[in-house]
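Structure file work25.tsv (TSV, C-alpha atoms) is printed below.
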chain	number	residue	atom	x	y	z
A	1	MET	CA	92.95	39.86	6.17
A	2	ASN	CA	94.71	36.98	4.34
A	3	ILE	CA	96.19	35.19	7.34
A	4	ALA	CA	98.63	33.08	5.36
A	5	ARG	CA	100.03	36.18	3.64
A	6	PHE	CA	100.19	38.04	6.94
A	7	LEU	CA	102.13	35.21	8.57
A	8	ALA	CA	104.55	34.90	5.66
A	9	GLY	CA	105.23	38.62	5.73
A	10	CYS	CA	105.99	38.93	9.42
A	11	THR	CA	107.94	35.77	10.32
A	12	LEU	CA	111.23	37.71	10.42
A	13	ALA	CA	109.87	40.50	12.58
A	14	LEU	CA	111.12	38.91	15.81
A	15	SER	CA	114.76	38.60	14.75
A	16	ALA	CA	115.70	41.78	16.58
A	17	LEU	CA	114.56	40.44	19.93
A	18	GLY	CA	117.76	38.62	20.82
A	19	ALA	CA	119.22	41.58	22.62
A	20	LEU	CA	116.04	41.96	24.65
A	21	SER	CA	115.58	38.35	25.68
A	22	GLN	CA	116.97	39.00	29.14
A	23	ALA	CA	115.48	41.92	31.04
A	24	PRO	CA	117.78	43.53	33.63
A	25	ALA	CA	116.81	42.64	37.18
A	26	ALA	CA	116.78	46.35	37.99
A	27	TRP	CA	113.62	46.72	35.91
A	28	ALA	CA	111.69	44.85	38.57
A	29	ALA	CA	112.54	47.37	41.30
A	30	GLY	CA	109.61	49.68	41.96
A	31	TYR	CA	107.49	48.02	39.27
A	32	PRO	CA	105.25	49.46	37.98
A	33	ASP	CA	106.09	53.16	37.96
A	34	ARG	CA	103.93	54.02	34.94
A	35	GLN	CA	100.84	52.70	33.16
A	36	VAL	CA	100.79	49.15	31.83
A	37	ARG	CA	99.58	48.32	28.31
A	38	LEU	CA	97.22	45.33	28.24
A	39	ILE	CA	96.74	43.92	24.74
A	40	VAL	CA	93.52	42.03	24.05
A	41	PRO	CA	93.79	40.34	20.61
A	42	THR	CA	90.01	40.09	20.24
A	43	SER	CA	87.30	42.59	19.40
A	44	PRO	CA	85.59	44.90	21.92
A	45	GLY	CA	82.69	43.15	23.60
A	46	SER	CA	84.16	39.66	23.27
A	47	THR	CA	84.30	37.49	26.38
A	48	ALA	CA	88.06	38.00	26.66
A	49	ASP	CA	87.60	41.76	26.32
A	50	VAL	CA	84.89	41.92	29.00
A	51	VAL	CA	87.00	39.88	31.41
A	52	ALA	CA	90.12	41.90	30.61
A	53	ARG	CA	88.45	45.23	31.40
A	54	VAL	CA	87.05	44.03	34.72
A	55	VAL	CA	90.34	42.47	35.78
A	56	ALA	CA	92.46	45.38	34.49
A	57	GLU	CA	90.59	47.84	36.68
A	58	ASN	CA	91.25	45.74	39.76
A	59	LEU	CA	94.90	45.10	38.89
A	60	GLY	CA	95.45	48.79	38.28
A	61	LYS	CA	94.22	49.60	41.76
A	62	GLN	CA	96.40	46.93	43.34
A	63	LEU	CA	99.53	47.91	41.42
A	64	GLY	CA	99.02	51.64	41.81
A	65	GLN	CA	99.22	52.32	38.08
A	66	PRO	CA	96.50	52.19	35.41
A	67	MET	CA	96.32	49.14	33.18
A	68	VAL	CA	95.14	50.34	29.78
A	69	VAL	CA	93.28	47.83	27.59
A	70	GLU	CA	94.05	47.95	23.87
A	71	ASN	CA	92.06	45.78	21.45
A	72	LEU	CA	94.11	44.49	18.52
A	73	SER	CA	91.72	42.05	16.89
A	74	GLY	CA	91.76	40.19	13.59
A	75	ALA	CA	93.58	37.25	11.97
A	76	ALA	CA	92.73	34.86	14.82
A	77	GLY	CA	94.42	37.15	17.33
A	78	ILE	CA	97.85	36.68	15.76
A	79	PRO	CA	98.71	40.37	15.03
A	80	GLY	CA	97.85	41.42	18.59
A	81	THR	CA	99.83	38.59	20.14
A	82	ARG	CA	102.75	39.38	17.84
A	83	GLN	CA	102.92	42.85	19.34
A	84	LEU	CA	103.04	41.28	22.79
A	85	VAL	CA	105.90	38.91	21.98
A	86	SER	CA	107.78	41.75	20.26
A	87	ALA	CA	107.60	43.99	23.32
A	88	ARG	CA	110.39	44.51	25.84
A	89	PRO	CA	110.08	42.01	28.70
A	90	ASP	CA	109.79	44.68	31.36
A	91	GLY	CA	106.20	44.14	32.50
A	92	TYR	CA	104.79	47.21	30.78
A	93	THR	CA	103.23	45.27	27.90
A	94	LEU	CA	101.04	42.29	28.80
A	95	ALA	CA	98.21	40.47	27.07
A	96	ILE	CA	95.00	38.65	27.84
A	97	VAL	CA	94.71	35.64	25.54
A	98	SER	CA	92.08	32.94	25.16
A	99	SER	CA	92.06	29.33	24.02
A	100	ASN	CA	92.79	30.54	20.48
A	101	HIS	CA	96.39	31.04	21.57
A	102	ALA	CA	96.70	27.26	21.95
A	103	ILE	CA	94.60	26.50	18.87
A	104	ASN	CA	96.48	28.64	16.33
A	105	PRO	CA	99.63	26.46	16.15
A	106	SER	CA	97.47	23.63	14.82
A	107	LEU	CA	95.65	25.79	12.27
A	108	TYR	CA	98.54	27.65	10.64
A	109	ARG	CA	101.68	26.11	9.17
A	110	SER	CA	103.72	29.25	9.72
A	111	MET	CA	103.45	31.46	12.78
A	112	PRO	CA	105.44	34.66	13.46
A	113	TYR	CA	106.06	33.44	17.02
A	114	ASP	CA	106.04	30.29	19.10
A	115	SER	CA	102.97	30.12	21.33
A	116	GLN	CA	105.02	28.64	24.17
A	117	ARG	CA	108.64	29.73	23.85
A	118	ASP	CA	107.90	33.37	23.01
A	119	VAL	CA	105.61	34.10	25.97
A	120	THR	CA	105.73	34.05	29.75
A	121	PRO	CA	102.53	32.54	31.19
A	122	ILE	CA	101.52	34.50	34.29
A	123	SER	CA	98.13	33.13	35.32
A	124	VAL	CA	95.04	31.44	33.97
A	125	ILE	CA	92.48	34.03	35.02
A	126	GLY	CA	89.54	31.70	34.63
A	127	THR	CA	87.46	29.58	32.33
A	128	THR	CA	84.32	30.05	30.30
A	129	PRO	CA	82.08	26.96	30.30
A	130	LEU	CA	80.28	25.98	27.13
A	131	VAL	CA	76.72	24.74	26.93
A	132	LEU	CA	75.14	22.43	24.37
A	133	VAL	CA	71.88	24.04	23.27
A	134	VAL	CA	68.94	23.51	20.93
A	135	ALA	CA	65.92	25.62	19.98
A	136	LYS	CA	63.18	25.90	22.59
A	137	ASP	CA	60.82	23.75	20.47
A	138	SER	CA	63.42	21.17	19.46
A	139	PRO	CA	62.37	17.52	19.76
A	140	TYR	CA	65.55	16.86	21.72
A	141	ARG	CA	64.92	17.49	25.40
A	142	THR	CA	68.16	15.97	26.71
A	143	ALA	CA	71.67	15.36	25.44
A	144	ALA	CA	70.84	11.66	25.46
A	145	ASP	CA	67.92	12.32	23.08
A	146	LEU	CA	70.16	14.22	20.70
A	147	LEU	CA	72.91	11.63	20.70
A	148	LYS	CA	70.48	8.75	20.28
A	149	ALA	CA	69.10	10.43	17.16
A	150	ALA	CA	72.62	11.14	15.88
A	151	LYS	CA	73.57	7.48	16.27
A	152	ALA	CA	70.38	6.29	14.60
A	153	GLU	CA	70.90	8.48	11.52
A	154	PRO	CA	74.57	9.34	11.04
A	155	GLY	CA	75.17	12.65	9.27
A	156	LYS	CA	71.58	13.86	9.56
A	157	ILE	CA	72.00	16.19	12.55
A	158	ASN	CA	74.03	19.34	12.09
A	159	TYR	CA	75.84	21.48	14.63
A	160	GLY	CA	77.10	25.01	14.24
A	161	SER	CA	80.21	26.83	15.45
A	162	SER	CA	81.75	30.27	15.23
A	163	GLY	CA	84.23	29.04	12.65
A	164	THR	CA	86.45	26.15	11.62
A	165	GLY	CA	89.00	25.47	14.33
A	166	SER	CA	87.21	27.62	16.90
A	167	VAL	CA	86.65	26.53	20.49
A	168	LEU	CA	83.00	25.84	19.66
A	169	HIS	CA	83.99	23.67	16.70
A	170	LEU	CA	86.52	21.65	18.68
A	171	ALA	CA	84.01	21.14	21.50
A	172	GLY	CA	81.71	19.57	18.91
A	173	GLU	CA	84.47	17.42	17.49
A	174	LEU	CA	85.31	16.15	20.95
A	175	LEU	CA	81.66	15.27	21.48
A	176	LYS	CA	81.57	13.35	18.20
A	177	SER	CA	84.67	11.44	19.26
A	178	LYS	CA	83.61	10.67	22.81
A	179	ALA	CA	80.00	9.78	21.92
A	180	GLY	CA	80.82	7.95	18.70
A	181	VAL	CA	78.42	9.95	16.55
A	182	ASP	CA	78.56	11.62	13.14
A	183	MET	CA	77.16	15.14	12.96
A	184	VAL	CA	77.66	17.69	10.17
A	185	HIS	CA	79.62	20.82	11.09
A	186	ILE	CA	78.31	24.21	9.89
A	187	PRO	CA	80.88	26.98	10.43
A	188	TYR	CA	79.79	30.60	10.87
A	189	ARG	CA	81.78	33.81	10.84
A	190	GLY	CA	81.37	34.67	14.50
A	191	GLY	CA	78.76	33.77	17.07
A	192	SER	CA	75.85	36.21	16.69
A	193	ALA	CA	74.34	34.71	13.54
A	194	LEU	CA	74.89	31.24	14.94
A	195	VAL	CA	72.86	32.00	18.07
A	196	THR	CA	70.04	33.37	15.92
A	197	ASP	CA	69.99	30.29	13.70
A	198	VAL	CA	70.02	27.86	16.63
A	199	MET	CA	67.10	29.75	18.19
A	200	SER	CA	65.16	29.48	14.93
A	201	GLY	CA	66.01	25.80	14.47
A	202	GLN	CA	67.89	26.38	11.22
A	203	VAL	CA	70.88	24.84	12.97
A	204	GLN	CA	69.91	21.90	15.13
A	205	THR	CA	72.43	22.27	17.92
A	206	ALA	CA	75.64	24.01	18.95
A	207	PHE	CA	78.05	24.53	21.76
A	208	LEU	CA	77.96	28.16	22.87
A	209	ALA	CA	79.79	30.07	25.59
A	210	VAL	CA	77.60	30.32	28.68
A	211	PRO	CA	78.11	34.11	29.04
A	212	SER	CA	76.88	34.70	25.48
A	213	VAL	CA	73.60	32.80	25.87
A	214	ILE	CA	72.76	32.77	29.59
A	215	ALA	CA	70.06	35.41	29.01
A	216	GLN	CA	68.41	33.42	26.18
A	217	ILE	CA	68.48	30.23	28.26
A	218	GLN	CA	66.96	31.92	31.28
A	219	ALA	CA	64.31	33.53	29.06
A	220	GLY	CA	63.37	30.15	27.58
A	221	GLN	CA	64.51	31.06	24.06
A	222	LEU	CA	67.09	28.27	24.04
A	223	ARG	CA	67.03	24.87	25.73
A	224	ALA	CA	70.24	23.90	27.51
A	225	LEU	CA	70.95	20.18	27.20
A	226	ALA	CA	74.31	19.88	28.95
A	227	VAL	CA	77.36	21.86	29.99
A	228	SER	CA	80.83	21.01	28.70
A	229	THR	CA	82.65	21.07	32.02
A	230	ASP	CA	83.33	18.20	34.41
A	231	LYS	CA	81.16	19.88	37.06
A	232	ARG	CA	77.84	21.69	36.84
A	233	VAL	CA	77.93	25.45	36.30
A	234	PRO	CA	76.65	27.59	39.20
A	235	VAL	CA	74.56	29.84	36.94
A	236	LEU	CA	72.92	26.77	35.34
A	237	PRO	CA	72.59	24.43	38.35
A	238	ASP	CA	69.85	22.30	36.79
A	239	VAL	CA	71.76	21.59	33.59
A	240	PRO	CA	73.73	18.31	33.76
A	241	THR	CA	77.26	17.80	32.52
A	242	LEU	CA	77.84	15.70	29.41
A	243	ALA	CA	79.50	13.11	31.61
A	244	GLU	CA	76.29	12.92	33.65
A	245	SER	CA	74.44	12.57	30.35
A	246	GLY	CA	76.39	9.45	29.46
A	247	VAL	CA	79.32	10.84	27.46
A	248	GLY	CA	82.22	9.23	29.31
A	249	ASP	CA	84.88	11.60	30.57
A	250	TYR	CA	83.86	14.56	28.40
A	251	ALA	CA	85.27	17.86	29.67
A	252	TYR	CA	86.06	20.94	27.60
A	253	ASP	CA	85.92	24.66	28.22
A	254	ALA	CA	87.51	27.88	27.07
A	255	TRP	CA	90.15	29.56	29.18
A	256	ILE	CA	91.51	33.09	29.48
A	257	ALA	CA	95.06	33.81	30.64
A	258	LEU	CA	97.39	36.70	31.42
A	259	ILE	CA	100.75	36.44	29.64
A	260	GLY	CA	103.83	38.54	29.04
A	261	PRO	CA	106.73	38.39	26.56
A	262	ALA	CA	109.39	35.72	26.97
A	263	GLY	CA	112.09	36.66	29.46
A	264	LEU	CA	109.81	38.50	31.88
A	265	PRO	CA	111.72	38.70	35.21
A	266	ALA	CA	110.57	36.20	37.82
A	267	ASP	CA	109.85	38.81	40.47
A	268	ILE	CA	107.59	40.75	38.10
A	269	VAL	CA	105.82	37.51	37.18
A	270	GLN	CA	105.30	36.74	40.86
A	271	LYS	CA	103.97	40.23	41.57
A	272	LEU	CA	101.51	40.07	38.66
A	273	GLN	CA	100.42	36.54	39.53
A	274	ALA	CA	99.76	37.47	43.16
A	275	ALA	CA	97.76	40.52	42.07
A	276	THR	CA	95.77	38.42	39.59
A	277	GLN	CA	95.00	35.83	42.24
A	278	GLN	CA	93.80	38.57	44.55
A	279	ALA	CA	91.68	40.08	41.77
A	280	MET	CA	89.96	36.76	41.15
A	281	ARG	CA	88.95	36.66	44.82
A	282	ASP	CA	87.62	40.21	44.84
A	283	LYS	CA	83.86	40.41	45.46
A	284	THR	CA	83.32	43.14	42.88
A	285	VAL	CA	85.09	41.09	40.20
A	286	LEU	CA	83.24	37.91	41.15
A	287	ASN	CA	79.87	39.66	41.32
A	288	THR	CA	80.47	41.11	37.86
A	289	LEU	CA	81.77	38.03	36.06
A	290	GLY	CA	80.18	35.20	38.05
A	291	PRO	CA	76.56	35.81	36.96
A	292	GLN	CA	77.76	35.58	33.35
A	293	GLY	CA	79.06	32.06	33.91
A	294	PHE	CA	82.74	32.91	34.17
A	295	VAL	CA	84.66	30.63	36.57
A	296	ALA	CA	87.42	32.56	38.35
A	297	MET	CA	90.81	30.92	38.89
A	298	GLY	CA	93.95	33.06	39.20
A	299	GLY	CA	96.38	30.13	39.35
A	300	THR	CA	100.18	30.13	39.42
A	301	SER	CA	102.49	30.79	36.49
A	302	GLU	CA	103.58	27.13	36.60
A	303	GLN	CA	99.96	26.03	36.32
A	304	ALA	CA	99.44	28.44	33.43
A	305	ALA	CA	102.44	27.00	31.59
A	306	GLY	CA	101.11	23.49	32.15
A	307	THR	CA	97.66	24.45	30.88
A	308	LEU	CA	99.11	26.01	27.74
A	309	SER	CA	101.24	22.96	26.96
A	310	ALA	CA	98.38	20.52	27.57
A	311	GLU	CA	95.90	22.56	25.53
A	312	ILE	CA	98.24	22.79	22.54
A	313	ALA	CA	98.64	19.01	22.55
A	314	LYS	CA	94.91	18.40	23.03
A	315	THR	CA	94.01	20.81	20.24
A	316	ARG	CA	96.45	19.17	17.85
A	317	SER	CA	94.72	15.83	18.36
A	318	LEU	CA	91.25	17.34	17.83
A	319	VAL	CA	92.29	19.23	14.70
A	320	THR	CA	93.82	16.08	13.24
A	321	ALA	CA	90.72	14.03	14.07
A	322	ALA	CA	88.50	16.68	12.47
A	323	GLY	CA	90.51	16.53	9.26
A	324	ILE	CA	91.26	20.26	9.34
A	325	THR	CA	94.08	21.20	6.96
A	326	PRO	CA	96.37	23.94	8.34
A	327	GLU	CA	96.55	27.10	6.24
Whole structure given in structure tokens:
Amino acid sequence: MNIARFLAGCTLALSALGALSQAPAAWAAGYPDRQVRLIVPTSPGSTADVVARVVAENLGKQLGQPMVVENLSGAAGIPGTRQLVSARPDGYTLAIVSSNHAINPSLYRSMPYDSQRDVTPISVIGTTPLVLVVAKDSPYRTAADLLKAAKAEPGKINYGSSGTGSVLHLAGELLKSKAGVDMVHIPYRGGSALVTDVMSGQVQTAFLAVPSVIAQIQAGQLRALAVSTDKRVPVLPDVPTLAESGVGDYAYDAWIALIGPAGLPADIVQKLQAATQQAMRDKTVLNTLGPQGFVAMGGTSEQAAGTLSAEIAKTRSLVTAAGITPE
């Protein structure tokens, strides 16, 4: 899909929402009394999709009504999110979004919605740590080795990502900035081919989501140099953080959040947030997602709003530093 054309064609689609901006308080009484639609603007099998399905099952049980996951992928998640912001703010259409929701405003000049004003943040469900990896036979055995080589020969070492402006790309740009190194970015269309090429050594290094490569790391097919978070990851306890590896205050990870349309009544928000918090403490949920590297949170709606605002600002700085021109 031509994203620029898509955005230009749908900018006016939200004009009819004015009358729906305030949901009657009566809608909150007895909520929910029917199934809830949960939009996931990524493809089936993605990290956000896997998390959404596990959490939706638990939320459905708590709320007494099924939460039905609907994947609306493509165009950086914009079409799916547009359906969310266009929905009535009655709690029956929600969405699970990832870090891309905060990245898109910096990548596209024209958006059919505002990533902050047109949504109601409910809860940051959790985060997905990233891990800096190399091939199993790479000469770089630590992050310090890699960065030393990058400083010695600027522009010689390459790093891959799942696409320009992706979380994996921005994690690399932040590393370049914090470590003061110059590495060449190689964008891929998605993560599968990237993992294969890192394993073969065709790409020298990359940040990858822990859930997507934990099996390869544990099998010795990839060497983990450092994790992107400020603390070590439970499923990779022997892998140091980048800060421990000498890269200042480096900290970056991907997050997944539950949101609704703007104007969602406060009591519905509170009910959904409380249920999400409970879900992220549930043993079944934790035992399913924890071994994949997912870090459960389930914070407040105020915390979610703060995270969204901070991430949009942080992303804007990284995109500018990377010299990425918005479409």
note - CA of Val119 in chain A and CA of Ala75 in chain A are separated by 18.7 Å
Gap from CA of Ser106 in chain A to CA of Val203 in chain A - Å, one decimal: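 Atom-to-atom, CA of Ser106 in chain A and CA of Val203 in chain A are spaced 26.7 Å apart.
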Point out the residue among A:Pro261, A:Pro66, A:Pro129, A:Pro44 with the least atom-to-atom distance to Thr229 in chain A, counting all atoms listed in the file.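 Once distances to Thr229 in chain A are computed over all atoms listed in the file, the minimum belongs to A:Pro129.
Contact shell of Asp137 in chain A at 10 Å (all atoms listed in the file; same-chain neighbours under 3 positions omitted): Val134, Tyr140, Arg141, Met199, Ser200, Gly201, Gly220, Gln221, Leu222 and Arg223 of chain A.
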Separation of CA of Pro211 in chain A and CA of Leu130 in chain A, in Å?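 Interatomic distance here is 8.6 Å.
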For each of A:Asp182, A:Asp33, A:Asp49, A:Asp249, take the minimum atom-to-atom distance to Ser98 in chain A, counting only C-alpha atoms, then give the residue where this is smallest. A:Asp49
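Each of A:Tyr108, A:Tyr188, A:Trp255, A:Tyr113 was checked against Arg316 in chain A using all atoms listed in the file; the smallest atom-to-atom distance is that of A:Tyr108.
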Could you give me, as a Markdown table, every range 8-118 of chain A residue with an atom at most 10 Å from range 288-304 of chain A, plus its closest atom pair and distance in Å to one decimal, counting all atoms listed in the file, rows ordered by chain then number?
| residue | atom | partner | partner_atom | distance |
| --- | --- | --- | --- | --- |
| A:Thr47 | CA | A:Phe294 | CA | 9.2 |
| A:Val50 | CA | A:Leu289 | CA | 8.6 |
| A:Val51 | CA | A:Leu289 | CA | 7.2 |
| A:Val54 | CA | A:Thr288 | CA | 7.9 |
| A:Val55 | CA | A:Leu289 | CA | 9.7 |
Residues within 9 Å of Lys231 in chain A, only C-alpha atoms, excluding chain neighbours under 4 positions, as a list in words: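 Listing them by chain and then by number gives Val227, Pro240, Thr241, Ala243 and Ala251 of chain A.
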Counting all atoms listed in the file, which of A:Ser43, A:Ser245, A:Thr307, A:Asn58 gets nearest to Leu286 in chain A? A:Asn58
